[in-house]
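Just below is one structure, and these are the notes that go with it.
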Amino acid sequence: MKVTFHGAAQTVTGSCYVIETETARFAVDCGMFQGNDALEERNYEIDNCRPRELDFVLLTHAHIDHSGLLPRLVREGFSGSIYCTTPTADLAELMLEDSAHIQETEQEWKSRHNLRKGKQDSETDMALYSAEDAQAAARLMHAVEFGEAVAPAEGVSVLFRHAGHILGAAMLDITVTEQGKSTRMLFSGDLGRPGALLLPDAERPPAPEWLFVESTYGDRDHKGENDTLKELAEAINYSCSHNEKTIIPAFAVERTQEILYSIILLKKKGLIPEDVPVYVDSPMAAKATQVFIKYGSELHVPDITLEDIQRPGFKITYTKGVQESQDLNTRSGPAIILSASGMCNAGRIRHHLRHNIWKPGASIVFVGFQAMGTPGRKLVDGAKSLRLNGEELNVAARLFTINGFSAHAGQSQLLDWIGSMANPAMHIVLIHGEPKAQQTLAGLIRQRFGIESVIPDYMEEMDITAGKAPEFNIPASAAARKKVDWNFLMQELDLRTAQLRERIAHASDLPWEEQMDLRDRLAEIQRDIFVLLSQS
Ligand SMILES: [Zn+2]
Ligand SMILES: [Zn+2]
């Protein structure tokens, strides 16, 4: 049996693992890459998966970094079933529809931009998929219940177990039988924090032979939940006391509902003003909240009753059209605005940042993971300015980063979960994490359990046939692509600077208007370099 890592290998996004057995060829997840341009270009490489030759897909949960390329897979010829839990099917349908919408809007924007510059659209300027592709993917979903074993192909059986990450999120307990020999693989999917708001804890299955475990927070722990609520109250009170807004970029699914639950709890405890209005400015978050209500009996919501939610001060407003969303910018006085995307790389949150980030009394509250290369990550890392839609904005609002809301297990929780099954015969593969987090976690796993973890790279192949020693291989094409020729880039820059110096030597002979134009353009280049350097 061969496993190929098509994504979330030394990165957090793009989860996709293709497994080839004697009788079947299938994928675990088919997620979108999010972050810098080089990473996002991988979204156009789905052919590597050979979509037509995949028999089925197992989907751990609805998050876009796990489900976001399913419509692209379908567009490129995949026609098998997509197995997932019932709530995941509902949430994924919403998320893929929304993702298609974002894709199409961005393509329009890029095309207009190219047209103005007299450029043709490149392949990566095109939308990854359309709303029809997203609907086609939703039609292929085959919902199963937690704890129900399914056999999507001969020799393959799968059990969906609670992962405690978001509504419907599962870990996949997969048994593959080849020539009478069985191999059990456990894919953790994204693993939740024990005691998370709204959800049951992750299950602790018996030890598998191969454990594929996420490592997002392999290098750090989260703060306690009491601090989390206190920090949220502090952020809201800060902007309320300055008569400004609290902007919360939040993933539409799970995080938005957790924050809403927390806000109601804070109002009930009198820790924030009861009359501060709360807006959910994301059509997707509004729809996702409906799904949460539908599966309400599966949620864990202590300390809040139905009567609480009906109190006038606890009312939540879901904005409808674009106009209502834009009206929030001209609305004076304090307010809490939850909007998507959670990493500020798309969606309405961008215009809320544009209108608030430069205001000293406003607060921006990060309540989720910010992937490398996203505007959210730049802010969390301390950027003094932020470029949004071609405009450089000064960062004057107060930024709060609250880690305790994470839907992911922190370092000690990951180790605790791994420890519940670790044994010397078990293989551990670290996926879904950035290299630093993975190295740290691998070190701790070695120390505590004496197991040497495998950290696969993008497109790496792993042969794990039962009864044989595992073999690893990175195809030459994948290995070659990783290198950046830094020397060449710096030499080019030096050369251009020398040419510029020559031209500037005669600049004072130019007409005054041209000199001013040149000065502005040079100042702009200088600012870009300054911003780059200040972000380390
Ligand atoms: Zn997730
Ligand atoms: Zn994930």
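Chain labels follow the order of the structure tokens: the first chain is A, the next B, and so on; residue numbering restarts at 1 in every chain, and ligands are counted from 1 in their shown order.
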Distance filter 9 Å around ligand 1, atoms: only C-alpha atoms and all ligand atoms, out as an NGL selection string
:A and (60-66 or 165-166 or 169 or 189-192 or 407-408)
Write out the residues from the selection above, keeping N, CA and C atoms, as a short mmCIF file (atom, residue, chain, number, x, y, z; two decimals), in the first residue's frame.
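Writing done, so here's again29.cif:
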data_model
loop_
_atom_site.label_atom_id
_atom_site.label_comp_id
_atom_site.auth_asym_id
_atom_site.auth_seq_id
_atom_site.Cartn_x
_atom_site.Cartn_y
_atom_site.Cartn_z
N THR A 60 -12.66 14.19 6.50
CA THR A 60 -12.65 14.24 7.97
C THR A 60 -13.62 15.30 8.49
N HIS A 61 -13.58 16.50 7.89
CA HIS A 61 -14.50 17.55 8.35
C HIS A 61 -14.62 18.65 7.30
N ALA A 62 -15.50 19.62 7.59
CA ALA A 62 -15.92 20.57 6.56
C ALA A 62 -14.95 21.71 6.29
N HIS A 63 -13.98 21.97 7.17
CA HIS A 63 -13.08 23.11 6.95
C HIS A 63 -12.47 23.08 5.55
N ILE A 64 -12.34 24.29 4.98
CA ILE A 64 -11.87 24.43 3.60
C ILE A 64 -10.47 23.83 3.38
N ASP A 65 -9.62 23.89 4.40
CA ASP A 65 -8.28 23.31 4.21
C ASP A 65 -8.34 21.78 4.15
N HIS A 66 -9.54 21.21 4.34
CA HIS A 66 -9.73 19.75 4.20
C HIS A 66 -10.69 19.39 3.08
N HIS A 165 -13.29 18.48 17.16
CA HIS A 165 -12.66 19.67 16.56
C HIS A 165 -13.70 20.71 16.14
N ILE A 166 -14.61 20.35 15.26
CA ILE A 166 -15.77 21.19 14.94
C ILE A 166 -16.97 20.25 14.80
N ALA A 169 -16.79 16.83 12.93
CA ALA A 169 -15.40 16.43 12.63
C ALA A 169 -15.09 15.03 13.13
N GLY A 189 -7.32 13.51 11.61
CA GLY A 189 -8.02 14.71 11.13
C GLY A 189 -7.53 15.85 11.99
N ASP A 190 -8.30 16.91 12.13
CA ASP A 190 -7.91 17.96 13.07
C ASP A 190 -8.45 17.53 14.43
N LEU A 191 -7.59 17.62 15.42
CA LEU A 191 -7.91 17.11 16.75
C LEU A 191 -8.30 18.26 17.66
N GLY A 192 -9.46 18.12 18.31
CA GLY A 192 -9.94 19.20 19.18
C GLY A 192 -9.29 19.18 20.55
N ALA A 407 -9.63 25.44 18.02
CA ALA A 407 -10.33 24.18 17.81
C ALA A 407 -9.32 23.04 17.76
N HIS A 408 -8.03 23.40 17.90
CA HIS A 408 -6.97 22.37 17.84
C HIS A 408 -6.41 22.08 19.22
#
Neighbouring residues of ligand 2 are defined here as those with any atom at most 12 Å from a ligand atom, counting only C-alpha atoms and all ligand atoms; list them as JSON, numbers by chain.
{"A": [7, 8, 9, 11, 12, 13, 14, 15, 16, 29, 30, 31, 32, 33, 34, 59, 60, 61, 62, 63, 64, 65, 66, 67, 68, 163, 165, 166, 169, 170, 171, 188, 189, 190, 191, 192, 213, 214, 215, 216, 217, 251, 368, 369, 370, 371, 406, 407, 408, 409, 431, 432, 433, 434]}
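With only C-alpha atoms as the atoms that count, the minimum distance from Ile428 of chain A to the choices A:Asp463, A:Glu209, A:Asp37, A:Asp416 is reached by A:Glu209.
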How would you write, as a PyMOL selection string, the set of residues in segment 174-395 of chain A that DSSP gives as helix (DSSP H, G or I)?
chain A and resi 225-241+255-268+283-294+296-298+306-310+312-314+322-330+349-356+375-380
For those residues, write C-alpha atoms to a file as a short mmCIF file (atom, residue, chain, number, x, y, z; two decimals), in the first residue's frame.
data_model
loop_
_atom_site.label_atom_id
_atom_site.label_comp_id
_atom_site.auth_asym_id
_atom_site.auth_seq_id
_atom_site.Cartn_x
_atom_site.Cartn_y
_atom_site.Cartn_z
CA GLU A 225 -10.46 28.95 29.10
CA ASN A 226 -11.13 31.40 31.96
CA ASP A 227 -8.35 33.64 30.65
CA THR A 228 -9.84 33.34 27.19
CA LEU A 229 -13.18 34.76 28.27
CA LYS A 230 -11.41 37.46 30.29
CA GLU A 231 -9.26 38.40 27.27
CA LEU A 232 -12.32 38.60 25.05
CA ALA A 233 -14.04 40.84 27.63
CA GLU A 234 -10.92 43.05 27.80
CA ALA A 235 -10.87 43.53 24.03
CA ILE A 236 -14.58 44.34 23.87
CA ASN A 237 -14.41 46.71 26.86
CA TYR A 238 -11.36 48.47 25.36
CA SER A 239 -13.14 49.48 22.15
CA CYS A 240 -16.47 50.15 23.94
CA SER A 241 -14.72 52.61 26.27
CA ARG A 255 -15.49 29.65 15.84
CA THR A 256 -18.29 32.14 15.11
CA GLN A 257 -20.75 30.03 17.12
CA GLU A 258 -18.23 29.65 19.98
CA ILE A 259 -17.66 33.40 20.08
CA LEU A 260 -21.41 34.10 20.01
CA TYR A 261 -21.85 31.66 22.88
CA SER A 262 -18.99 33.40 24.76
CA ILE A 263 -20.40 36.89 24.15
CA ILE A 264 -23.80 35.85 25.51
CA LEU A 265 -22.05 34.28 28.51
CA LEU A 266 -20.06 37.50 29.14
CA LYS A 267 -23.21 39.61 28.87
CA LYS A 268 -25.04 37.27 31.24
CA PRO A 283 -23.82 35.12 5.13
CA MET A 284 -22.01 31.83 5.53
CA ALA A 285 -21.64 32.20 9.29
CA ALA A 286 -25.37 32.95 9.48
CA LYS A 287 -26.20 29.78 7.53
CA ALA A 288 -23.68 27.74 9.53
CA THR A 289 -25.35 28.89 12.76
CA GLN A 290 -28.60 27.39 11.40
CA VAL A 291 -26.81 24.04 10.94
CA PHE A 292 -25.58 24.24 14.55
CA ILE A 293 -29.16 24.84 15.68
CA LYS A 294 -30.29 21.82 13.60
CA GLY A 296 -28.32 21.41 18.72
CA SER A 297 -28.94 18.17 20.62
CA GLU A 298 -25.35 17.08 19.83
CA LEU A 306 -33.25 29.48 25.77
CA GLU A 307 -34.63 32.40 27.81
CA ASP A 308 -31.18 34.03 27.90
CA ILE A 309 -30.95 34.02 24.15
CA GLN A 310 -34.33 35.73 23.90
CA PRO A 312 -33.34 41.92 23.98
CA GLY A 313 -29.75 42.85 24.92
CA PHE A 314 -28.53 39.44 23.77
CA VAL A 322 -23.75 44.05 0.86
CA GLN A 323 -25.48 47.36 1.69
CA GLU A 324 -26.22 46.29 5.27
CA SER A 325 -22.62 45.18 5.59
CA GLN A 326 -21.29 48.52 4.31
CA ASP A 327 -23.69 50.43 6.57
CA LEU A 328 -21.79 49.01 9.54
CA ASN A 329 -18.84 51.20 8.54
CA THR A 330 -20.81 54.41 8.82
CA ILE A 349 -13.59 41.15 7.01
CA ARG A 350 -11.24 43.00 4.69
CA HIS A 351 -13.48 46.05 4.47
CA HIS A 352 -14.00 46.06 8.23
CA LEU A 353 -10.23 46.06 8.68
CA ARG A 354 -9.89 48.83 6.13
CA HIS A 355 -12.32 51.02 8.09
CA ASN A 356 -11.06 50.25 11.58
CA PRO A 375 -2.77 39.28 6.33
CA GLY A 376 -3.90 37.94 9.71
CA ARG A 377 -0.51 36.34 10.32
CA LYS A 378 1.28 39.57 9.37
CA LEU A 379 -0.77 41.48 11.95
CA VAL A 380 -0.28 38.87 14.67
#
Just the residues within 6 Å of Glu148 of chain A, please, counting only C-alpha atoms, with nothing from its chain fewer than 2 positions along; format it as a ChimeraX atom specification.
/A:145-146,159
Determine, counting only C-alpha atoms, which protein, DNA and RNA residues have an atom within 12 Å of an atom of segment 126-140 of chain A; residues of the same chain fewer than 6 positions away are not included. Present the result as a PyMOL selection string.
chain A and resi 30+32-33+40-46+55-59+62+67-84+88-111+114+120
Work out how far atom CA of Asp275 of chain A is from atom CA of Gly361 of chain A, in Å to one decimal.
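Answer for the atom CA of Gly361 of chain A to atom CA of Asp275 of chain A separation: 18.7 Å.
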Where does DSSP see strand (DSSP E or B) in segment 278-412 of chain A, if you list the residues as number ranges by chain?
A: 278-281, 300, 316-318, 335-339, 363-366, 385-388, 391-394, 398-401
Let's have the selection written as a PDB file, in the first residue's frame, with C-alpha atoms.
ATOM      1  CA  VAL A 278     -23.432  42.200  18.010  1.00  0.00           C
ATOM      2  CA  TYR A 279     -23.334  41.728  14.234  1.00  0.00           C
ATOM      3  CA  VAL A 280     -22.508  38.603  12.310  1.00  0.00           C
ATOM      4  CA  ASP A 281     -21.429  39.967   8.938  1.00  0.00           C
ATOM      5  CA  HIS A 300     -22.634  20.987  24.721  1.00  0.00           C
ATOM      6  CA  ILE A 316     -27.578  39.031  17.431  1.00  0.00           C
ATOM      7  CA  THR A 317     -28.022  40.743  14.086  1.00  0.00           C
ATOM      8  CA  TYR A 318     -27.173  38.820  10.938  1.00  0.00           C
ATOM      9  CA  ALA A 335     -20.283  47.380  18.233  1.00  0.00           C
ATOM     10  CA  ILE A 336     -18.924  43.876  17.958  1.00  0.00           C
ATOM     11  CA  ILE A 337     -18.533  42.678  14.379  1.00  0.00           C
ATOM     12  CA  LEU A 338     -17.789  39.055  13.605  1.00  0.00           C
ATOM     13  CA  SER A 339     -16.848  38.504  10.006  1.00  0.00           C
ATOM     14  CA  SER A 363      -9.762  46.502  18.650  1.00  0.00           C
ATOM     15  CA  ILE A 364      -9.038  43.597  16.323  1.00  0.00           C
ATOM     16  CA  VAL A 365      -9.368  40.241  18.016  1.00  0.00           C
ATOM     17  CA  PHE A 366      -7.693  37.162  16.537  1.00  0.00           C
ATOM     18  CA  SER A 385       1.124  48.578   8.443  1.00  0.00           C
ATOM     19  CA  LEU A 386      -0.955  46.334   6.242  1.00  0.00           C
ATOM     20  CA  ARG A 387      -1.509  46.359   2.509  1.00  0.00           C
ATOM     21  CA  LEU A 388      -5.179  45.692   1.671  1.00  0.00           C
ATOM     22  CA  GLU A 391      -3.664  50.391  -0.074  1.00  0.00           C
ATOM     23  CA  GLU A 392      -1.103  50.602   2.736  1.00  0.00           C
ATOM     24  CA  LEU A 393      -2.911  51.063   6.062  1.00  0.00           C
ATOM     25  CA  ASN A 394      -1.406  52.154   9.337  1.00  0.00           C
ATOM     26  CA  ARG A 398      -5.229  47.471  19.521  1.00  0.00           C
ATOM     27  CA  LEU A 399      -4.638  43.855  18.528  1.00  0.00           C
ATOM     28  CA  PHE A 400      -5.594  40.952  20.750  1.00  0.00           C
ATOM     29  CA  THR A 401      -4.589  37.377  20.045  1.00  0.00           C
TER      30      THR A 401
END
Pick out the closest residue to Gln10 of chain A from this set: A:Pro360, A:Pro273, A:Gly218, A:Gly443. Count only C-alpha atoms.
A:Gly218
Enter the distance from atom CA of Thr465 of chain A to atom CA of Ile418 of chain A, in Å, rounded to one decimal.
22.9 Å
With only C-alpha atoms as the basis for distance, which of A:Asp219, A:Ala252, A:Phe160, A:Ala476 is at the shortest distance from Ala437 of chain A?
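Smallest distance to Ala437 of chain A is found for A:Asp219.
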